[in-house]
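A.B. asks: Pasting a structure here, questions to come.
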Amino acid sequence: MKRRNGLVRDLAQNHQLIVMFLPVATLLFLFCYLPLSGLVIPFKNFDFQKGIFGSDWMHPLFNNFDYLLSSDAAFRAVRNTILLNVLFIAVGLIFEVGFALMLNELRNKYFKRVTQSLTFLPFFISWIVVGVFTYNLLNYETGAVNRFLEWIGAGPVDFYSEAGLWPLILTIAIRWKVTGYGTIIYLAALTSIDNSYYEAAAIDGASRWQQIRYISLPMLRPTVVILTLLAIGRIMNADFGMFYAMVGDATLLFPTTDVIDTLVYRSLRQSGDIGMASAAGFLQSVVAFVLVLSSNYAARKIDRDSAIF
Amino acid sequence: MLTRRFSLSQAAIGTIVLLFSLACLFPFIMVVSGSLSTENDIVNYGYALIPRHVTLSSYKILLLGSSRIVDAYVISILVTVIGTVLSIIVNGMGGYVMARRSFKYRNILSIYVIITMLFSGGLVPWYIICVRYLDLKDTLWAMILPPLANAFNMFLIRNFMMAIPEDLYESAKMDGASEYRIFFRLIAPLSVPVLATVGLFVALGYWNDWFLGLMFIDKQELQPLQLLLRTLVSNVEFLKSSSNAAAMQQISATIPSESIKMALTVITIGPIIFLYPFVQRYFVKGLMVGAVKG
């Protein structure tokens with residue numbers, strides 16, 4: 001009884017703070033907590049009119065999952081999501097660390113600033129615009145790449161029907177868009193390394209290469225490990241914006257580019273197959289939850305400050 | 001003394017960095033050039049870095065001949081401005097409450113916020129809640145409210161505010177200031193660096209967003225610019241269905257389909273390119289803040 005009074009008094013005393021928190025609390029409740037109740041949708045025979053709780057239960061309960069797991073499209077989407085993410089993470093790591101090391105070596109301040117600004121620029125535009133850029137370069141009739149291929153006598157390539165090339169094309173597009181952005185964090189870590197390490201190494205006769213190998217890289221290791229772990233935590237989530245803007249409805253490219261997020265989107269908005277979409281989304285949410293928790297736990301073990309929570 | 005020894009590697013590194021920087025710039029130049037080219041040149045010679053014949057007809061068609069573009073521009077600006085202002089106020093207050101050390105329940109609130117970073121219902125439930133229960137379909141709010149409260153931004157703000165000495169809060173409290181007053185008059189002005197950074201990221205997000213439009217907006221006249229660009233890329237002919245198609249016909253009998261796509265792209269990224277030189281360093285700073293303490 002006394003405890004309850006204490007609580008009531010605390011809240012009354014701090015009612016202004018509670019009012020200030022109310023907007024955030026409401027928004028998070030509506031857009032993050034309420035959708036959690038929708039996790040029952042794959043177990044229901046969802047009817048839009050009847051709503052989430054009004055809809056009847058599925059008979060048998062796991063029907064949507066059985067249907068999903070027996071479909072080739074779902075298997076393909078899971079495979080593509082994981083493989084492409086692994087590819088993006090690995091290539092990204094090499095490019096970003098490499099580019100940060102190179103920028104760090106440059107001595108001309110002005111040149112460094114200008115090039116850093118230019119490489120950061122693509123981060124600021126949407127994937128829709130990147131999709132237009134890509135189309136400019138790759139389309140069959142007027143694309144710059146095809147013009148070039150014609151010019152060297154290799155003939156035009158119909159990129160928008162060559163599924164095999166798209167993991168490469170998407171990787172290049174991502175690197176183009178976010179290398180400058182990703183470099184910033186590594187560059188910050190590099191500039192924070194105490195100069196005396198390098199001076200001592202130089203006195204001992206270490207070459208610049210050796211200094212990078214034995215000082216810069218080891219100092220970058222914690223940042224690398226943590227950013228990679230956090231990326232692995234999101235390995236089941238594809239960047240819907242990129243896939244939808246770059247590939248869109250080009251069905252011919254789906255064998256290598258259809259990912260869980262695009263599959264769910266199509267099932268939801270185009271084919272209207274809410275059962276399958278929600279089942280796929282459910283599995284994705286569960287796996288993502290486990291991955292985020294474990295990768296964050298691992299990141300925390302390595303460096304307390306770098307974990308998200 | 002080391003300069004000479006490494007001049008060769010300096011040159012090599014400089015070249016690689018320069019080439020990559022130019023590669024980052026190249027598509028932008030090509031789009032601008034394409035938007036100024038005549039349709040014939042694009043069809044006959046492909047996209048080039050410098051237009052052979054300069055024409056402004058694509059821009060004329062877009063800005064004078066089609067009310068859609070202007071509508072979409074207004075929608076995008078409204079969404080960006082309202083979204084950013086609300087975001088700073090709402091997340092700023094949220095961060096402030098979580099930063100108040102004397103508030104006993106701030107940790108419970110932090111957990112309430114953190115959970116949203118962990119659990120996600122996924123796309124389908126989120127969509128159904130927004131459409132079936134919150135009735136957001138075909139409203140401006142559908143493009144503003146869903147991402148408004150953001151756990152990551154709130155923690156960024158909270159961490160900054162926690163570095164402000166607690167005495168400051170307490171002495172203001174002693175003077176009889178209300179929490180609202182402490183936040184708006186004292187803490188928010190002191191937190192301008194973090195609020196500005198968050199605001200810039202949020203503004204960029206709203207301007208570049210088309211996902212929310214794709215999900216919730218079917219009405220043509222509510223489409224934001226980015227979504228319109230996507231529609232235009234897949235189907236130029238839709239411009240003809242615009243209300244003042246007659247005016248468009250007067251400017252050009254046929255729609256220059258390729259260069260008009262480029263012109264709309266330029267119009268879409270214009271504000272960003274224009275503001276980029278001024279705001280770039282704040283983004284870099286913000287990233288470093290996030291990197292040091294996430």
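Order determines the names: the first chain of the structure tokens is A, the second B, and so forth; residues in each chain are numbered 1 upward, and ligands are numbered 1 upward as they are shown.
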For Met98 in chain B, work out the shell of residues within 7 Å, counting only C-alpha atoms and skipping chain neighbours fewer than 2 positions away, then give it as a list in words.
C.D. replies: Gly94, Gly95, Tyr96, Arg100, Arg106, Leu109, Ser110 and Arg158 of chain B
A.B. asks: Select, from A:Arg208, A:Arg147, A:Arg9, A:Lys301, the residue with the minimum atom-to-atom distance to Tyr47 in chain B, counting only C-alpha atoms.
C.D. replies: A:Arg147
A.B. asks: Between A:Ala200, A:Ile235, A:Leu165, A:Ile128, which residue has the minimum interatomic distance to chain B, considering only C-alpha atoms?
C.D. replies: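 Residue with the minimum atom-to-atom distance to chain B: A:Ile128.
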A.B. asks: Residues of chain B within 6 Å of chain A, counting only C-alpha atoms - could you list those as a list in words?
C.D. replies: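 Every residue of chain B that passes the 6 Å test is in Ser21, Cys24, Pro27, Gly46, Tyr47, Met93, Gly94, Val97, Thr116, Gly121, Gly122, Val124, Pro125, Trp126, Pro146, Ala149 and Asn208 of chain B.
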A.B. asks: From a DSSP pass on the backbone, collect the residues of range 20-241 of chain A flagged as alpha helix (DSSP H) and hand them back as a VMD selection string.
C.D. replies: chain A and resid 20 to 28 34 to 37 51 to 54 63 to 69 72 to 105 109 to 120 127 to 138 144 to 151 166 to 191 195 to 203 208 to 211 217 to 233 240 to 241
A.B. asks: Deliver the residues from the most recent selection as a file, using C-alpha atoms, as a short mmCIF file (atom, residue, chain, number, x, y, z; two decimals), in the first residue's frame.
C.D. replies:
data_model
loop_
_atom_site.label_atom_id
_atom_site.label_comp_id
_atom_site.auth_asym_id
_atom_site.auth_seq_id
_atom_site.Cartn_x
_atom_site.Cartn_y
_atom_site.Cartn_z
CA MET A 20 6.70 15.42 -22.34
CA PHE A 21 7.25 11.73 -22.90
CA LEU A 22 3.68 11.13 -23.99
CA PRO A 23 4.10 11.92 -27.72
CA VAL A 24 7.02 9.51 -28.06
CA ALA A 25 5.28 6.87 -25.99
CA THR A 26 2.14 7.13 -28.10
CA LEU A 27 3.96 7.02 -31.43
CA LEU A 28 6.09 4.06 -30.42
CA LEU A 34 0.68 -2.45 -31.91
CA PRO A 35 2.20 -4.18 -34.96
CA LEU A 36 3.64 -6.79 -32.59
CA SER A 37 0.09 -7.98 -32.04
CA GLY A 51 -9.33 -7.25 -38.52
CA ILE A 52 -6.46 -8.92 -36.70
CA PHE A 53 -8.36 -10.32 -33.76
CA GLY A 54 -11.68 -10.80 -35.47
CA ASN A 63 -1.03 -23.86 -42.94
CA ASN A 64 0.55 -20.57 -44.04
CA PHE A 65 3.97 -21.76 -42.93
CA ASP A 66 3.61 -25.11 -44.67
CA TYR A 67 2.64 -23.30 -47.82
CA LEU A 68 5.54 -20.86 -47.45
CA LEU A 69 8.18 -23.48 -46.70
CA ASP A 72 10.54 -22.38 -54.19
CA ALA A 73 10.18 -18.61 -54.22
CA ALA A 74 10.53 -18.44 -50.43
CA PHE A 75 13.61 -20.64 -50.43
CA ARG A 76 15.13 -18.54 -53.19
CA ALA A 77 14.39 -15.31 -51.33
CA VAL A 78 16.02 -16.53 -48.10
CA ARG A 79 19.06 -17.78 -49.99
CA ASN A 80 19.41 -14.51 -51.94
CA THR A 81 18.98 -12.37 -48.83
CA ILE A 82 21.72 -14.14 -46.91
CA LEU A 83 24.17 -14.59 -49.78
CA LEU A 84 23.82 -11.03 -51.04
CA ASN A 85 24.18 -9.61 -47.54
CA VAL A 86 27.33 -11.65 -46.97
CA LEU A 87 28.69 -10.35 -50.26
CA PHE A 88 27.77 -6.74 -49.42
CA ILE A 89 29.27 -6.93 -45.93
CA ALA A 90 32.56 -8.49 -47.09
CA VAL A 91 33.09 -6.17 -50.05
CA GLY A 92 31.98 -3.19 -48.01
CA LEU A 93 34.49 -3.92 -45.30
CA ILE A 94 37.40 -4.16 -47.72
CA PHE A 95 36.40 -0.98 -49.57
CA GLU A 96 35.68 1.14 -46.54
CA VAL A 97 38.76 0.19 -44.55
CA GLY A 98 40.90 0.41 -47.67
CA PHE A 99 39.57 3.79 -48.63
CA ALA A 100 39.95 5.14 -45.10
CA LEU A 101 43.57 3.97 -45.05
CA MET A 102 44.23 5.65 -48.38
CA LEU A 103 42.62 8.93 -47.35
CA ASN A 104 44.61 8.80 -44.15
CA GLU A 105 47.85 8.54 -46.12
CA LYS A 109 44.67 18.58 -46.91
CA TYR A 110 42.73 20.36 -49.63
CA PHE A 111 42.73 17.36 -51.97
CA LYS A 112 41.68 15.14 -49.10
CA ARG A 113 38.77 17.40 -48.23
CA VAL A 114 37.50 17.70 -51.78
CA THR A 115 37.69 13.99 -52.52
CA GLN A 116 36.01 13.15 -49.24
CA SER A 117 33.18 15.53 -50.04
CA LEU A 118 32.72 14.03 -53.49
CA THR A 119 32.63 10.45 -52.26
CA PHE A 120 30.18 11.34 -49.48
CA TRP A 127 17.80 4.75 -54.19
CA ILE A 128 15.17 5.85 -56.68
CA VAL A 129 17.66 8.34 -58.08
CA VAL A 130 20.43 5.74 -58.01
CA GLY A 131 18.03 3.53 -59.96
CA VAL A 132 17.76 6.26 -62.61
CA PHE A 133 21.55 6.59 -62.71
CA THR A 134 21.91 2.85 -63.14
CA TYR A 135 19.35 2.85 -65.90
CA ASN A 136 21.31 5.61 -67.63
CA LEU A 137 24.40 3.49 -67.60
CA LEU A 138 22.95 0.09 -68.36
CA ALA A 144 26.60 4.67 -71.50
CA VAL A 145 28.06 1.26 -70.67
CA ASN A 146 26.47 -0.29 -73.74
CA ARG A 147 27.69 2.58 -75.90
CA PHE A 148 31.17 1.91 -74.61
CA LEU A 149 30.87 -1.85 -75.19
CA GLU A 150 29.73 -1.18 -78.75
CA TRP A 151 32.61 1.17 -79.26
CA TRP A 166 23.14 -8.39 -60.83
CA PRO A 167 24.92 -9.41 -57.64
CA LEU A 168 27.91 -7.61 -59.13
CA ILE A 169 25.88 -4.61 -60.31
CA LEU A 170 24.17 -4.23 -56.92
CA THR A 171 27.49 -4.51 -55.11
CA ILE A 172 28.95 -1.77 -57.28
CA ALA A 173 25.88 0.40 -56.72
CA ILE A 174 26.10 0.04 -52.95
CA ARG A 175 29.82 0.76 -52.95
CA TRP A 176 29.22 3.80 -55.09
CA LYS A 177 26.51 5.07 -52.77
CA VAL A 178 27.84 4.41 -49.27
CA THR A 179 31.63 3.98 -49.42
CA GLY A 180 32.21 7.63 -48.58
CA TYR A 181 29.73 7.41 -45.73
CA GLY A 182 31.13 4.18 -44.30
CA THR A 183 34.68 5.51 -44.53
CA ILE A 184 33.99 8.35 -42.12
CA ILE A 185 33.81 6.15 -39.03
CA TYR A 186 37.01 4.30 -39.91
CA LEU A 187 38.74 7.57 -40.72
CA ALA A 188 37.69 8.92 -37.34
CA ALA A 189 39.18 5.85 -35.67
CA LEU A 190 42.40 6.28 -37.67
CA THR A 191 42.84 9.95 -36.84
CA ASN A 195 50.91 9.82 -33.45
CA SER A 196 53.67 8.69 -31.12
CA TYR A 197 53.09 5.08 -32.18
CA TYR A 198 53.97 5.96 -35.75
CA GLU A 199 56.93 8.10 -34.69
CA ALA A 200 58.32 5.30 -32.57
CA ALA A 201 57.86 2.82 -35.40
CA ALA A 202 59.50 5.20 -37.88
CA ILE A 203 62.51 5.58 -35.59
CA ARG A 208 54.81 2.98 -44.12
CA TRP A 209 53.44 -0.42 -45.09
CA GLN A 210 54.68 -1.97 -41.89
CA GLN A 211 53.18 0.89 -39.91
CA LEU A 217 45.05 -2.24 -38.83
CA PRO A 218 45.24 -3.59 -35.27
CA MET A 219 43.90 -0.28 -33.98
CA LEU A 220 40.95 -0.50 -36.39
CA ARG A 221 40.12 -4.05 -35.35
CA PRO A 222 37.56 -3.29 -32.63
CA THR A 223 35.64 -0.92 -34.92
CA VAL A 224 35.73 -3.46 -37.75
CA VAL A 225 34.57 -6.31 -35.54
CA ILE A 226 31.72 -4.36 -34.02
CA LEU A 227 30.38 -2.85 -37.23
CA THR A 228 30.54 -6.27 -38.87
CA LEU A 229 28.76 -7.94 -35.98
CA LEU A 230 26.01 -5.37 -36.08
CA ALA A 231 25.70 -5.87 -39.85
CA ILE A 232 25.43 -9.63 -39.33
CA GLY A 233 22.60 -8.93 -36.91
CA PHE A 240 14.05 -2.97 -49.64
CA GLY A 241 14.61 0.50 -51.06
#
A.B. asks: Measuring atom to atom with only C-alpha atoms, identify which of A:Phe254, A:Arg266, A:Met242, A:Asn296 is nearest to Trp210 in chain B.
C.D. replies: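 Closest to Trp210 in chain B of all the choices is A:Met242.
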A.B. asks: What are the DSSP strand (DSSP E or B) residues of range 42-242 of chain A, as a list in words?
C.D. replies: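 Output for range 42-242 of chain A, strand (DSSP E or B) only: Lys44, Asn45, Asp56 and Trp57 of chain A.
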A.B. asks: Can those selected residues be exported to a file as a PDB file, in the first residue's frame so that it contains N, CA and C atoms?
C.D. replies:
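Result written to again.pdb:
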ATOM      1  N   LYS A  44      -3.701 -16.905 -38.689  1.00  0.00           N
ATOM      2  CA  LYS A  44      -5.120 -16.624 -38.894  1.00  0.00           C
ATOM      3  C   LYS A  44      -5.444 -16.654 -40.371  1.00  0.00           C
ATOM      4  N   ASN A  45      -6.722 -16.876 -40.624  1.00  0.00           N
ATOM      5  CA  ASN A  45      -7.192 -16.751 -41.994  1.00  0.00           C
ATOM      6  C   ASN A  45      -7.607 -15.293 -42.139  1.00  0.00           C
ATOM      7  N   ASP A  56     -10.704 -15.465 -38.267  1.00  0.00           N
ATOM      8  CA  ASP A  56     -10.726 -16.830 -37.730  1.00  0.00           C
ATOM      9  C   ASP A  56      -9.330 -17.413 -37.710  1.00  0.00           C
ATOM     10  N   TRP A  57      -9.126 -18.380 -36.797  1.00  0.00           N
ATOM     11  CA  TRP A  57      -7.841 -19.076 -36.751  1.00  0.00           C
ATOM     12  C   TRP A  57      -7.698 -19.958 -37.980  1.00  0.00           C
TER      13      TRP A  57
END
A.B. asks: Please report the interatomic distance between CA of Thr80 in chain B and CA of Pro189 in chain B in Å with one decimal.
C.D. replies: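 That distance, rounded to one decimal, is 22.1 Å.
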